[in-house]
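Read the structure below first, then the notes.
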There are 2 protein chains.
Amino acid sequence: MKIAVVGYGGVGAAFIKLLKDQKEYINKEGIKIQVNYILNSRGGVYNPHGIDCEDVVNSFEKDITFNTIIKNKDVDLVVEVTPTNKETGQPGMTHIAKALENGMHVVTANKGPILLNYKGLNELAVKNNVELCIGCTTGGALPSINGGIMDLAGSNILSIEGVLNGTTNFILNEMEANGVDYSQALKKAQELGIAETNPTLDVEGWDTASKLLILTNVLMNQEKTLKDMNVEGITKITPEEIKDCIGENKKYKLVGKTTNENGNVKMSVKLEKLSKDHPLYNVDGKNKGVRYTSDPLGDLTIIGGASGVTPAAASILRDLINIHRGYKFSR
Amino acid sequence: MKIAVVGYGGVGAAFIKLLKDQKEYINKEGIKIQVNYILNSRGGVYNPHGIDCEDVVNSFEKDITFNTIIKNKDVDLVVEVTPTNKETGQPGMTHIAKALENGMHVVTANKGPILLNYKGLNELAVKNNVELCIGCTTGGALPSINGGIMDLAGSNILSIEGVLNGTTNFILNEMEANGVDYSQALKKAQELGIAETNPTLDVEGWDTASKLLILTNVLMNQEKTLKDMNVEGITKITPEEIKDCIGENKKYKLVGKTTNENGNVKMSVKLEKLSKDHPLYNVDGKNKGVRYTSDPLGDLTIIGGASGVTPAAASILRDLINIHRGYKFSR
């Protein structure tokens, strides 16, 4: 399988490293993965016989671009991991569309294009008889898309409920464990590199909302947008509320939830008190979890997906391998 | 897709009913499922143009047998749901082998043949370029096999830990909730139809052991037998031990566990005290759960799979649909 890696930030670099670390697994699987392109915003490296990935950093040439891939048409699959843009989806949107149109599979970690136009891109994939895999966009290593598509194949998904954001989860745990207030917990998360300097997307609930929206559109065949969702974050929570919640033997979690009642689809993101017997009660720290109710396979809860570039890269490798094993994601 | 349903007990009948109940889903998926055979131990029904499944009970003819299927070779897939025999694997063993040899996919809920010779049967599947799907053998609706194969594709599974038996789980919950002793809890489980009249396989741990063995052999590419496993049941647990465990804020669970440390594979089934932060702590009642540790995708916990013939039938439909979507399980 000849591939192009488009985007060479944290996840792209971790993916290239993973191809080496998981070489034994990949060989046993019977796949020969040959990296023909590595691109970033400044240019790229190209070798039609496969790049020596040990030493690429100094080999980027500015005239090797995404257009080179489309012109040469010498890869089977494009790994699209450029920075996400949730307003325009660019440059990922163009990369994904062009790759699919030219008969290349796409595996992406890029939420922007998927949020904005999953349906259209999926149709392009179907039309061109290739796969568009987006497992990494809804919780990295957490197999939330797999869970909904493969593990619930044959069942109708009635609801989706997820603790999908590690940063807010960490902050809430910190407040529970140490009785600190929100701003102190946020500061610790920032010091540990868990929260970003500008944490708005996480703490205001928009990261959770984005993931929930993708899950809803993909798994329930909807065409919703973020505007259709009620989104609340965690910034107003007080140490007193946390203390009271502990007193009730419960935990606060930022929960994204979609229900589908006879076609009436409702989505929300808000703080909820989960009791000990709730399947997502134990999703702590940087972990993530999703719970589906379905008919007739019943309840399914999936917990995992620690944050980080390596698990994210492993999620991309998972999609690539499942494509190689013949799975038709795009329908 | 033309299919034969071999075995017409609870699961077989539920599967036939499910094909009708999930007709809309199946049509949307673009599969045309035509049931050419329904067999039980007394004979069968056959129609090369598809059986009218509404009214089969009185149509069984004793000269329609499994050999008819092999002679006619007019199905793509065999659903093998005859009663399990863990000593000889028969008649399932012969059914599965012959179907695979004759180029038919097999989806089975039958633990016996898979326990005794998964490796050989899988090799037959590979050789004949068909799929052998066994999702239902390790927890019915719980996607434990899917989880290990599809959701952890590209990762090495380091350990498997499962609460895989609903009956023992129910008995332990009953003892926790009502302070009754083991025999009283068992009696209630039997009255509710959760435990069988002869509960030995469940309460002595052998059902859990069988499921763990299948998961271990399939997901870790082993050829172990039940003799390689330390198996303890729940029959000796006392109300005092349960009470002490609750006092420690923990729950007893019958846990099957496999660890693989640099190729040294160890398996056991025994009662364990799980603390609140253990991912399987919340697997209560008839539910089941499995937890994998893996590298590099990390921890993955899957909870679900309520007992019953309909969820079991839904698990078979899931495998059938995933085969139709092109997945290569057998490698």
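Residue numbering restarts at 1 in every chain; chains get A, B, ... in the order shown in the structure tokens, and ligands count up from 1 in that same order.
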I'd like a table as JSON lines: residues in chain A with an atom no more than 6 Å from chain B, each row giving the shortest atom pair and its distance in Å to one decimal, only C-alpha atoms counted, sorted by chain and rising residue number.
{"residue": "A:Ala141", "atom": "CA", "partner": "B:Leu297", "partner_atom": "CA", "distance": 5.7}
{"residue": "A:Pro143", "atom": "CA", "partner": "B:Asp151", "partner_atom": "CA", "distance": 5.8}
{"residue": "A:Asp151", "atom": "CA", "partner": "B:Pro143", "partner_atom": "CA", "distance": 5.8}
{"residue": "A:Ala153", "atom": "CA", "partner": "B:Arg318", "partner_atom": "CA", "distance": 4.9}
{"residue": "A:Gly154", "atom": "CA", "partner": "B:Arg318", "partner_atom": "CA", "distance": 5.2}
{"residue": "A:Asp277", "atom": "CA", "partner": "B:Asn282", "partner_atom": "CA", "distance": 6.0}
{"residue": "A:Asn282", "atom": "CA", "partner": "B:Asp277", "partner_atom": "CA", "distance": 6.0}
{"residue": "A:Leu297", "atom": "CA", "partner": "B:Pro311", "partner_atom": "CA", "distance": 5.2}
{"residue": "A:Asp299", "atom": "CA", "partner": "B:Gly304", "partner_atom": "CA", "distance": 5.3}
{"residue": "A:Leu300", "atom": "CA", "partner": "B:Gly304", "partner_atom": "CA", "distance": 4.7}
{"residue": "A:Thr301", "atom": "CA", "partner": "B:Ile303", "partner_atom": "CA", "distance": 5.0}
{"residue": "A:Ile302", "atom": "CA", "partner": "B:Ile302", "partner_atom": "CA", "distance": 4.7}
{"residue": "A:Ile303", "atom": "CA", "partner": "B:Thr301", "partner_atom": "CA", "distance": 5.0}
{"residue": "A:Gly304", "atom": "CA", "partner": "B:Leu300", "partner_atom": "CA", "distance": 4.6}
{"residue": "A:Pro311", "atom": "CA", "partner": "B:Leu297", "partner_atom": "CA", "distance": 5.2}
{"residue": "A:Ala314", "atom": "CA", "partner": "B:Leu297", "partner_atom": "CA", "distance": 5.8}
{"residue": "A:Arg318", "atom": "CA", "partner": "B:Ala153", "partner_atom": "CA", "distance": 4.9}
{"residue": "A:Arg325", "atom": "CA", "partner": "B:Lys328", "partner_atom": "CA", "distance": 5.2}
{"residue": "A:Gly326", "atom": "CA", "partner": "B:Tyr327", "partner_atom": "CA", "distance": 4.9}
{"residue": "A:Tyr327", "atom": "CA", "partner": "B:Tyr327", "partner_atom": "CA", "distance": 4.6}
{"residue": "A:Lys328", "atom": "CA", "partner": "B:Arg325", "partner_atom": "CA", "distance": 5.2}
Produce a file of the selected residues containing C-alpha atoms, as an mmCIF file, in the first residue's frame.
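Full text of selection26.cif as output:
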data_model
loop_
_atom_site.group_PDB
_atom_site.id
_atom_site.type_symbol
_atom_site.label_atom_id
_atom_site.label_comp_id
_atom_site.auth_asym_id
_atom_site.auth_seq_id
_atom_site.Cartn_x
_atom_site.Cartn_y
_atom_site.Cartn_z
ATOM 1 C CA ALA A 141 -7.749 5.936 20.293
ATOM 2 C CA PRO A 143 -13.012 3.332 18.981
ATOM 3 C CA ASP A 151 -19.754 -3.388 16.854
ATOM 4 C CA ALA A 153 -23.723 -3.553 12.778
ATOM 5 C CA GLY A 154 -27.299 -4.694 12.265
ATOM 6 C CA ASP A 277 -23.937 2.666 38.496
ATOM 7 C CA ASN A 282 -15.466 5.571 35.878
ATOM 8 C CA LEU A 297 -27.927 -5.387 20.506
ATOM 9 C CA ASP A 299 -26.389 -1.164 25.584
ATOM 10 C CA LEU A 300 -22.764 -0.830 24.564
ATOM 11 C CA THR A 301 -20.220 1.174 26.539
ATOM 12 C CA ILE A 302 -16.689 1.712 25.269
ATOM 13 C CA ILE A 303 -14.033 3.248 27.488
ATOM 14 C CA GLY A 304 -10.445 4.026 26.570
ATOM 15 C CA PRO A 311 -2.686 6.886 20.514
ATOM 16 C CA ALA A 314 -2.461 4.358 16.406
ATOM 17 C CA ARG A 318 -6.185 1.049 12.937
ATOM 18 C CA ARG A 325 -8.826 -5.994 5.683
ATOM 19 C CA GLY A 326 -11.542 -5.056 3.222
ATOM 20 C CA TYR A 327 -14.061 -3.187 5.351
ATOM 21 C CA LYS A 328 -16.480 -0.891 3.535
#
Need to verify the contact set: A:Leu115, 9 Å, only C-alpha atoms, exclusion of same-chain residues closer than 5 positions in sequence. Can you return it as a PDB file with N, CA and C atoms, in the first residue's frame?
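Saved as selection00.pdb:
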ATOM      1  N   LYS A  86     -12.211  24.796  11.791  1.00  0.00           N
ATOM      2  CA  LYS A  86     -13.625  24.449  11.875  1.00  0.00           C
ATOM      3  C   LYS A  86     -14.526  25.448  11.165  1.00  0.00           C
ATOM      4  N   GLY A  89     -12.666  24.486   7.082  1.00  0.00           N
ATOM      5  CA  GLY A  89     -12.239  23.110   6.822  1.00  0.00           C
ATOM      6  C   GLY A  89     -10.930  23.014   6.052  1.00  0.00           C
ATOM      7  N   SER A 210     -18.234  19.053  19.026  1.00  0.00           N
ATOM      8  CA  SER A 210     -17.763  18.670  17.688  1.00  0.00           C
ATOM      9  C   SER A 210     -17.746  17.153  17.537  1.00  0.00           C
ATOM     10  N   LYS A 211     -17.214  16.476  18.560  1.00  0.00           N
ATOM     11  CA  LYS A 211     -17.132  15.014  18.473  1.00  0.00           C
ATOM     12  C   LYS A 211     -18.530  14.392  18.456  1.00  0.00           C
ATOM     13  N   LEU A 213     -21.251  15.780  17.434  1.00  0.00           N
ATOM     14  CA  LEU A 213     -21.891  16.081  16.156  1.00  0.00           C
ATOM     15  C   LEU A 213     -21.446  15.102  15.073  1.00  0.00           C
ATOM     16  N   ILE A 214     -20.146  14.821  15.049  1.00  0.00           N
ATOM     17  CA  ILE A 214     -19.645  13.865  14.051  1.00  0.00           C
ATOM     18  C   ILE A 214     -20.263  12.489  14.290  1.00  0.00           C
ATOM     19  N   ASN A 217     -23.963  12.611  13.150  1.00  0.00           N
ATOM     20  CA  ASN A 217     -24.159  12.651  11.697  1.00  0.00           C
ATOM     21  C   ASN A 217     -23.759  11.337  11.036  1.00  0.00           C
ATOM     22  N   THR A 225     -25.790  20.570  12.380  1.00  0.00           N
ATOM     23  CA  THR A 225     -24.625  21.441  12.555  1.00  0.00           C
ATOM     24  C   THR A 225     -24.520  21.794  14.045  1.00  0.00           C
ATOM     25  N   LEU A 226     -23.420  22.469  14.396  1.00  0.00           N
ATOM     26  CA  LEU A 226     -23.235  22.849  15.799  1.00  0.00           C
ATOM     27  C   LEU A 226     -24.363  23.760  16.280  1.00  0.00           C
TER      28      LEU A 226
END
I'd like the contact shell of A:Pro48 - 10 Å cut-off, only C-alpha atoms, skipping same-chain residues fewer than 2 positions apart - returned as an mmCIF file with C-alpha atoms, in the first residue's frame.
data_model
loop_
_atom_site.group_PDB
_atom_site.id
_atom_site.type_symbol
_atom_site.label_atom_id
_atom_site.label_comp_id
_atom_site.auth_asym_id
_atom_site.auth_seq_id
_atom_site.Cartn_x
_atom_site.Cartn_y
_atom_site.Cartn_z
ATOM 1 C CA LYS A 2 1.519 3.288 -1.119
ATOM 2 C CA GLN A 34 5.412 2.448 1.453
ATOM 3 C CA VAL A 35 5.449 6.161 2.296
ATOM 4 C CA ASN A 36 5.805 8.065 -0.983
ATOM 5 C CA TYR A 37 5.089 11.550 0.366
ATOM 6 C CA TYR A 46 8.709 12.658 -2.321
ATOM 7 C CA GLY A 50 9.379 5.014 -0.756
ATOM 8 C CA ILE A 51 10.917 7.612 1.525
ATOM 9 C CA ASN A 72 1.371 11.751 -9.946
ATOM 10 C CA ASP A 74 0.966 7.138 -7.226
ATOM 11 C CA VAL A 75 -0.533 6.443 -3.815
#
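Counting only C-alpha atoms, the residue from B:Glu240, B:Glu223, B:Glu272, B:Glu54 that sits nearest to B:Glu176 is B:Glu240.
The residues of stretch 21-144 of chain B that DSSP classifies as strand (DSSP E or B), using the backbone of this structure, are Gln34, Val35, Asn36, Tyr37, Ile38, Leu39, Asn40, Gly43, Gly44, Val45, Tyr46, Glu61, Leu77, Val78, Val79, Glu80, His105, Val106, Val107, Thr108, Leu132 and Cys133 of chain B.
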Saved selection, atoms kept: N, CA and C atoms, as a PDB file, in the first residue's frame:
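Result file follows (part34.pdb):
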ATOM      1  N   GLN B  34     -31.634 -14.425   1.727  1.00  0.00           N
ATOM      2  CA  GLN B  34     -32.625 -15.449   1.365  1.00  0.00           C
ATOM      3  C   GLN B  34     -32.302 -16.727   2.139  1.00  0.00           C
ATOM      4  N   VAL B  35     -33.242 -17.170   2.969  1.00  0.00           N
ATOM      5  CA  VAL B  35     -33.019 -18.370   3.777  1.00  0.00           C
ATOM      6  C   VAL B  35     -33.429 -19.600   2.968  1.00  0.00           C
ATOM      7  N   ASN B  36     -32.449 -20.369   2.520  1.00  0.00           N
ATOM      8  CA  ASN B  36     -32.767 -21.565   1.723  1.00  0.00           C
ATOM      9  C   ASN B  36     -33.028 -22.802   2.577  1.00  0.00           C
ATOM     10  N   TYR B  37     -32.397 -22.847   3.768  1.00  0.00           N
ATOM     11  CA  TYR B  37     -32.549 -24.023   4.633  1.00  0.00           C
ATOM     12  C   TYR B  37     -32.772 -23.603   6.079  1.00  0.00           C
ATOM     13  N   ILE B  38     -33.638 -24.319   6.755  1.00  0.00           N
ATOM     14  CA  ILE B  38     -33.663 -24.296   8.218  1.00  0.00           C
ATOM     15  C   ILE B  38     -33.642 -25.759   8.657  1.00  0.00           C
ATOM     16  N   LEU B  39     -32.650 -26.105   9.467  1.00  0.00           N
ATOM     17  CA  LEU B  39     -32.530 -27.500   9.904  1.00  0.00           C
ATOM     18  C   LEU B  39     -32.574 -27.583  11.419  1.00  0.00           C
ATOM     19  N   ASN B  40     -33.118 -28.682  11.920  1.00  0.00           N
ATOM     20  CA  ASN B  40     -32.872 -29.027  13.316  1.00  0.00           C
ATOM     21  C   ASN B  40     -32.502 -30.513  13.375  1.00  0.00           C
ATOM     22  N   GLY B  43     -34.716 -32.927  11.131  1.00  0.00           N
ATOM     23  CA  GLY B  43     -34.880 -32.779   9.692  1.00  0.00           C
ATOM     24  C   GLY B  43     -34.755 -31.321   9.291  1.00  0.00           C
ATOM     25  N   GLY B  44     -35.431 -30.953   8.205  1.00  0.00           N
ATOM     26  CA  GLY B  44     -35.270 -29.571   7.780  1.00  0.00           C
ATOM     27  C   GLY B  44     -36.296 -29.129   6.763  1.00  0.00           C
ATOM     28  N   VAL B  45     -36.210 -27.840   6.446  1.00  0.00           N
ATOM     29  CA  VAL B  45     -37.035 -27.241   5.413  1.00  0.00           C
ATOM     30  C   VAL B  45     -36.080 -26.713   4.355  1.00  0.00           C
ATOM     31  N   TYR B  46     -36.423 -26.882   3.101  1.00  0.00           N
ATOM     32  CA  TYR B  46     -35.543 -26.427   2.021  1.00  0.00           C
ATOM     33  C   TYR B  46     -36.381 -25.825   0.911  1.00  0.00           C
ATOM     34  N   GLU B  61     -38.955 -31.779   7.030  1.00  0.00           N
ATOM     35  CA  GLU B  61     -38.934 -33.124   6.439  1.00  0.00           C
ATOM     36  C   GLU B  61     -37.662 -33.809   6.893  1.00  0.00           C
ATOM     37  N   LEU B  77     -23.620 -18.758   2.928  1.00  0.00           N
ATOM     38  CA  LEU B  77     -23.271 -18.641   4.341  1.00  0.00           C
ATOM     39  C   LEU B  77     -24.119 -19.590   5.175  1.00  0.00           C
ATOM     40  N   VAL B  78     -23.457 -20.239   6.141  1.00  0.00           N
ATOM     41  CA  VAL B  78     -24.159 -21.138   7.051  1.00  0.00           C
ATOM     42  C   VAL B  78     -24.140 -20.528   8.462  1.00  0.00           C
ATOM     43  N   VAL B  79     -25.315 -20.388   9.058  1.00  0.00           N
ATOM     44  CA  VAL B  79     -25.424 -19.986  10.460  1.00  0.00           C
ATOM     45  C   VAL B  79     -25.494 -21.279  11.279  1.00  0.00           C
ATOM     46  N   GLU B  80     -24.435 -21.560  12.055  1.00  0.00           N
ATOM     47  CA  GLU B  80     -24.365 -22.841  12.789  1.00  0.00           C
ATOM     48  C   GLU B  80     -24.700 -22.580  14.244  1.00  0.00           C
ATOM     49  N   HIS B 105     -19.214 -19.191   3.841  1.00  0.00           N
ATOM     50  CA  HIS B 105     -18.915 -18.524   5.105  1.00  0.00           C
ATOM     51  C   HIS B 105     -19.649 -19.226   6.235  1.00  0.00           C
ATOM     52  N   VAL B 106     -19.101 -19.120   7.452  1.00  0.00           N
ATOM     53  CA  VAL B 106     -19.793 -19.663   8.620  1.00  0.00           C
ATOM     54  C   VAL B 106     -19.855 -18.608   9.713  1.00  0.00           C
ATOM     55  N   VAL B 107     -21.044 -18.408  10.268  1.00  0.00           N
ATOM     56  CA  VAL B 107     -21.202 -17.616  11.489  1.00  0.00           C
ATOM     57  C   VAL B 107     -21.757 -18.568  12.539  1.00  0.00           C
ATOM     58  N   THR B 108     -21.086 -18.672  13.677  1.00  0.00           N
ATOM     59  CA  THR B 108     -21.536 -19.647  14.655  1.00  0.00           C
ATOM     60  C   THR B 108     -21.616 -19.071  16.064  1.00  0.00           C
ATOM     61  N   LEU B 132     -14.876 -17.240   8.836  1.00  0.00           N
ATOM     62  CA  LEU B 132     -15.424 -17.961   9.980  1.00  0.00           C
ATOM     63  C   LEU B 132     -15.619 -16.934  11.089  1.00  0.00           C
ATOM     64  N   CYS B 133     -16.856 -16.649  11.448  1.00  0.00           N
ATOM     65  CA  CYS B 133     -17.134 -15.614  12.452  1.00  0.00           C
ATOM     66  C   CYS B 133     -17.733 -16.231  13.702  1.00  0.00           C
TER      67      CYS B 133
END
Taking 5 positions as the minimum chain separation for residues in the same chain, which residues sit within 12 Å of B:Leu274 when counting only C-alpha atoms? Answer as JSON, numbers by chain. {"B": [161, 162, 163, 245, 246, 248, 249, 250, 251, 252, 253, 254, 255, 279, 280, 281, 282, 283]}
List every residue of stretch 157-318 of chain B that DSSP, applied to the backbone, labels as alpha helix (DSSP H), and write the result as a ChimeraX atom specification. /B:166-178,182-191,200-203,206-219,239-247,309-318
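Taking only C-alpha atoms into account, B:Lys270 lies nearest to B:Thr168 out of the set B:Ser183, B:Gln222, B:Glu241, B:Thr168.
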